[in-house]
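*Asks:* First the structure, which I've put down as structure tokens, then a few questions once you've had a look.
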Amino acid sequence: KLTEICAAKQAEACRAASGKLLDLSFDTISGTGPNGAIVHYRVTEKTNRPIKPGDLYLIDSGGQYQQGTTDVTRTVLVEGGKAPVGAIDAFTRVLRGHIALATAAFPPGTNGMQLDTLARAPLWEVGLDFDHGTGHGVGSYLSVHEGPQRISKGGTVALQEGMIVSNEPGYYKANAFGIRIENLQYVTAAKKAKGVRAMMGFEALTLAPIDRRLIDKSQLSTSDIKWFDAYHKRVQKTLLPMVDSAARDWLKANCKPL
């Protein structure tokens, strides 16, 4: 049977198969159902749960390569069952926060504290929040948590071109499920697209499908959907040549426009 430990080992095996993995960048967080609601969960033989139909399964993992350090989180609905009550609404709000940060335009000198609210606002609308930072700095073949930049309530360092930060809003319902969507992104150079002042922004580094089965499309704005579809078009275009035929079919199905 498929368990949290099995899934974590499979993720590591996939990375190792590239021949370029030097180490994991941190212990994989592999949590299903109520274990997914534990933000920094580390599975053990004692806590290991089977991954069952209808569970929300959260996996946060990364690798160390000479080319850089990775960190990605996805939350998926396990096939064969219905999503838990409240999960689709919460997931969509987390996604909205993720998109708001990913598409932010901001002037030079802006710090992470000023941007943190963007990722939380959709949850705040209904009295929800998450008790961790929205984003942390990431090294290049160094520490997966590396400053001085961070996107959080205490992030006072101004973001600069080329800095890498994570974008990882979440929601955790105790004893039920956890949700987190995490991409790494880098700060882009200031440029004048509109108006008179140059604005900086973000460009995603992480390319992995986001589970559309957990999205309430009616919550999304036109610009949210535009970002989601453009992101998945890029995911498919980049990854399709790298995967086998079975994975291609899955990738195409999960990168279709909303």
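By convention in this document, the chains of the structure tokens carry letters A, B, ... by their order, each chain's residues are numbered from 1, and ligands are numbered from 1 in the order they are shown.
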Where does region 176-206 of chain A meet region 97-111 of chain A within 8 Å, residue by residue, with the nearest atom pair and distance in Å to one decimal for each, counting only C-alpha atoms, listed by chain and rising number, as a tab-separated table?
*Replies:*
```
residue	atom	partner	partner_atom	distance
A:Ile181	CA	A:His98	CA	7.2
A:Glu182	CA	A:His98	CA	8.0
A:Gln185	CA	A:Ala102	CA	7.9
A:Ala190	CA	A:Pro108	CA	7.1
A:Arg197	CA	A:Pro107	CA	7.5
A:Ala198	CA	A:Pro107	CA	6.5
A:Met199	CA	A:Pro107	CA	4.6
A:Met200	CA	A:Phe106	CA	5.2
A:Gly201	CA	A:Ala105	CA	4.9
A:Phe202	CA	A:Ala102	CA	5.9
A:Glu203	CA	A:Ala102	CA	7.3
A:Ala204	CA	A:Ala102	CA	7.4
```
*Asks:* For the residues in the current selection, export C-alpha atoms as a PDB file, in the first residue's frame.
*Replies:*
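Final file, selection.pdb:
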```pdb
ATOM      1  CA  ILE A 181       1.375  25.751  -2.601  1.00  0.00           C
ATOM      2  CA  GLU A 182       5.059  26.619  -2.911  1.00  0.00           C
ATOM      3  CA  GLN A 185      10.691  32.710  -7.655  1.00  0.00           C
ATOM      4  CA  ALA A 190      12.769  47.248 -12.290  1.00  0.00           C
ATOM      5  CA  ARG A 197       7.820  54.640 -12.028  1.00  0.00           C
ATOM      6  CA  ALA A 198       9.779  51.477 -12.693  1.00  0.00           C
ATOM      7  CA  MET A 199       8.445  48.428 -10.875  1.00  0.00           C
ATOM      8  CA  MET A 200      10.102  45.173  -9.882  1.00  0.00           C
ATOM      9  CA  GLY A 201       8.319  41.813  -9.913  1.00  0.00           C
ATOM     10  CA  PHE A 202       8.763  38.057  -9.683  1.00  0.00           C
ATOM     11  CA  GLU A 203       9.404  35.242 -12.155  1.00  0.00           C
ATOM     12  CA  ALA A 204       8.649  31.643 -11.184  1.00  0.00           C
TER      13      ALA A 204
END
```
*Asks:* Listing only residues of region 139-214 of chain A within 10 Å of region 34-40 of chain A, what is the closest atom pair and its distance in Å (to one decimal) for each, using only C-alpha atoms, sorted by chain and residue number ascending, as a Markdown table?
*Replies:*
```
| residue | atom | partner | partner_atom | distance |
| --- | --- | --- | --- | --- |
| A:Gly170 | CA | A:Val39 | CA | 9.1 |
| A:Tyr171 | CA | A:Ala37 | CA | 7.9 |
| A:Tyr172 | CA | A:Ala37 | CA | 4.6 |
| A:Lys173 | CA | A:Ala37 | CA | 5.8 |
| A:Ala174 | CA | A:Ala37 | CA | 5.6 |
| A:Asn175 | CA | A:Pro34 | CA | 4.4 |
| A:Ala176 | CA | A:Pro34 | CA | 4.3 |
| A:Phe177 | CA | A:Pro34 | CA | 4.8 |
| A:Gly178 | CA | A:Ala37 | CA | 3.9 |
| A:Ile179 | CA | A:Gly36 | CA | 7.3 |
| A:Arg180 | CA | A:Val39 | CA | 9.2 |
```
*Asks:* Include N, CA and C atoms and write out the residues we just selected as an mmCIF file, in the first residue's frame.
*Replies:*
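Below is the file that was written, result18.cif:
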```
data_model
loop_
_atom_site.group_PDB
_atom_site.id
_atom_site.type_symbol
_atom_site.label_atom_id
_atom_site.label_comp_id
_atom_site.auth_asym_id
_atom_site.auth_seq_id
_atom_site.Cartn_x
_atom_site.Cartn_y
_atom_site.Cartn_z
ATOM 1 N N GLY A 170 -0.346 28.953 2.916
ATOM 2 C CA GLY A 170 -0.964 27.668 3.237
ATOM 3 C C GLY A 170 -2.153 27.832 4.158
ATOM 4 N N TYR A 171 -2.784 26.711 4.449
ATOM 5 C CA TYR A 171 -3.857 26.662 5.440
ATOM 6 C C TYR A 171 -3.841 25.273 6.069
ATOM 7 N N TYR A 172 -4.012 25.228 7.381
ATOM 8 C CA TYR A 172 -3.875 23.965 8.111
ATOM 9 C C TYR A 172 -5.042 23.799 9.075
ATOM 10 N N LYS A 173 -5.895 22.837 8.792
ATOM 11 C CA LYS A 173 -7.032 22.535 9.659
ATOM 12 C C LYS A 173 -6.639 21.374 10.556
ATOM 13 N N ALA A 174 -6.468 21.660 11.833
ATOM 14 C CA ALA A 174 -5.968 20.661 12.782
ATOM 15 C C ALA A 174 -6.792 19.382 12.744
ATOM 16 N N ASN A 175 -6.069 18.258 12.731
ATOM 17 C CA ASN A 175 -6.676 16.919 12.748
ATOM 18 C C ASN A 175 -7.500 16.609 11.501
ATOM 19 N N ALA A 176 -7.293 17.389 10.433
ATOM 20 C CA ALA A 176 -8.077 17.168 9.215
ATOM 21 C C ALA A 176 -7.205 17.155 7.958
ATOM 22 N N PHE A 177 -6.623 18.301 7.613
ATOM 23 C CA PHE A 177 -5.811 18.375 6.391
ATOM 24 C C PHE A 177 -4.933 19.618 6.418
ATOM 25 N N GLY A 178 -3.923 19.612 5.557
ATOM 26 C CA GLY A 178 -3.065 20.768 5.364
ATOM 27 C C GLY A 178 -2.983 21.105 3.894
ATOM 28 N N ILE A 179 -2.805 22.387 3.598
ATOM 29 C CA ILE A 179 -2.694 22.876 2.221
ATOM 30 C C ILE A 179 -1.511 23.830 2.149
ATOM 31 N N ARG A 180 -0.654 23.652 1.167
ATOM 32 C CA ARG A 180 0.407 24.618 0.895
ATOM 33 C C ARG A 180 0.738 24.530 -0.588
#
```
*Asks:* Can you work out which one of A:Gln149, A:Ser30, A:Asn48, A:Gln160 has the shortest atom-to-atom distance to Asp60 (chain A), counting only C-alpha atoms?
*Replies:* A:Ser30
*Asks:* Please give the complete set of residues from region 10-233 of chain A that DSSP, run on the backbone, assigns to strand (DSSP E or B), formatted as a PyMOL selection string.
*Replies:* chain A and resi 23-24+29-32+50+56-61+63-65+68-69+72-77+106+111+135-137+150-151+158+164-167+170-173+177-180+182-191+199-204
*Asks:* Write the selection just made, keeping C-alpha atoms, as a short mmCIF file (atom, residue, chain, number, x, y, z; two decimals), in the first residue's frame?
*Replies:*
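File produced: out_7.cif:
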```
data_model
loop_
_atom_site.label_atom_id
_atom_site.label_comp_id
_atom_site.auth_asym_id
_atom_site.auth_seq_id
_atom_site.Cartn_x
_atom_site.Cartn_y
_atom_site.Cartn_z
CA ASP A 23 21.73 15.56 -1.48
CA LEU A 24 18.25 16.46 -0.33
CA ILE A 29 7.66 16.65 4.46
CA SER A 30 5.23 13.93 3.35
CA GLY A 31 1.89 14.24 5.13
CA THR A 32 -1.56 12.93 4.30
CA PRO A 50 -1.46 5.15 4.38
CA LEU A 56 -5.37 15.74 0.83
CA TYR A 57 -1.72 14.74 0.47
CA LEU A 58 0.95 17.42 1.02
CA ILE A 59 4.55 16.93 -0.07
CA ASP A 60 7.26 19.55 0.49
CA SER A 61 10.60 18.44 -0.91
CA GLY A 63 17.26 18.73 -3.72
CA GLN A 64 20.80 20.05 -3.76
CA TYR A 65 22.44 20.30 -7.17
CA GLY A 68 21.20 25.31 -7.32
CA THR A 69 18.95 24.40 -4.42
CA VAL A 72 8.66 22.87 -3.85
CA THR A 73 5.34 22.02 -2.20
CA ARG A 74 2.21 20.65 -3.79
CA THR A 75 -1.05 19.52 -2.23
CA VAL A 76 -3.14 17.02 -4.18
CA LEU A 77 -6.48 15.27 -3.80
CA PHE A 106 6.48 46.86 -6.49
CA ASN A 111 10.59 44.74 1.69
CA GLY A 135 8.51 33.15 1.84
CA HIS A 136 12.16 32.58 2.73
CA GLY A 137 15.38 33.22 0.87
CA ARG A 150 12.20 36.91 3.42
CA ILE A 151 8.52 37.57 2.89
CA ALA A 158 14.49 45.36 0.74
CA ILE A 164 15.36 34.08 -4.78
CA VAL A 165 12.44 33.70 -2.39
CA SER A 166 9.78 31.08 -1.86
CA ASN A 167 6.08 31.83 -2.33
CA GLY A 170 -0.96 27.67 3.24
CA TYR A 171 -3.86 26.66 5.44
CA TYR A 172 -3.87 23.96 8.11
CA LYS A 173 -7.03 22.53 9.66
CA PHE A 177 -5.81 18.37 6.39
CA GLY A 178 -3.07 20.77 5.36
CA ILE A 179 -2.69 22.88 2.22
CA ARG A 180 0.41 24.62 0.89
CA GLU A 182 5.06 26.62 -2.91
CA ASN A 183 7.11 27.84 -5.83
CA LEU A 184 10.54 29.41 -5.80
CA GLN A 185 10.69 32.71 -7.65
CA TYR A 186 13.30 35.37 -8.30
CA VAL A 187 13.08 39.15 -8.20
CA THR A 188 13.10 40.72 -11.66
CA ALA A 189 14.70 44.02 -12.62
CA ALA A 190 12.77 47.25 -12.29
CA LYS A 191 11.16 48.34 -15.55
CA MET A 199 8.44 48.43 -10.87
CA MET A 200 10.10 45.17 -9.88
CA GLY A 201 8.32 41.81 -9.91
CA PHE A 202 8.76 38.06 -9.68
CA GLU A 203 9.40 35.24 -12.16
CA ALA A 204 8.65 31.64 -11.18
#
```
*Asks:* Identify which of the residues A:Lys52, A:Arg42, A:Arg213, A:Arg93 lies closest to Ala253 (chain A), counting only C-alpha atoms when measuring atom-to-atom distances.
*Replies:*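 Going through A:Lys52, A:Arg42, A:Arg213, A:Arg93 one by one, the smallest distance to Ala253 (chain A) is for A:Arg213.
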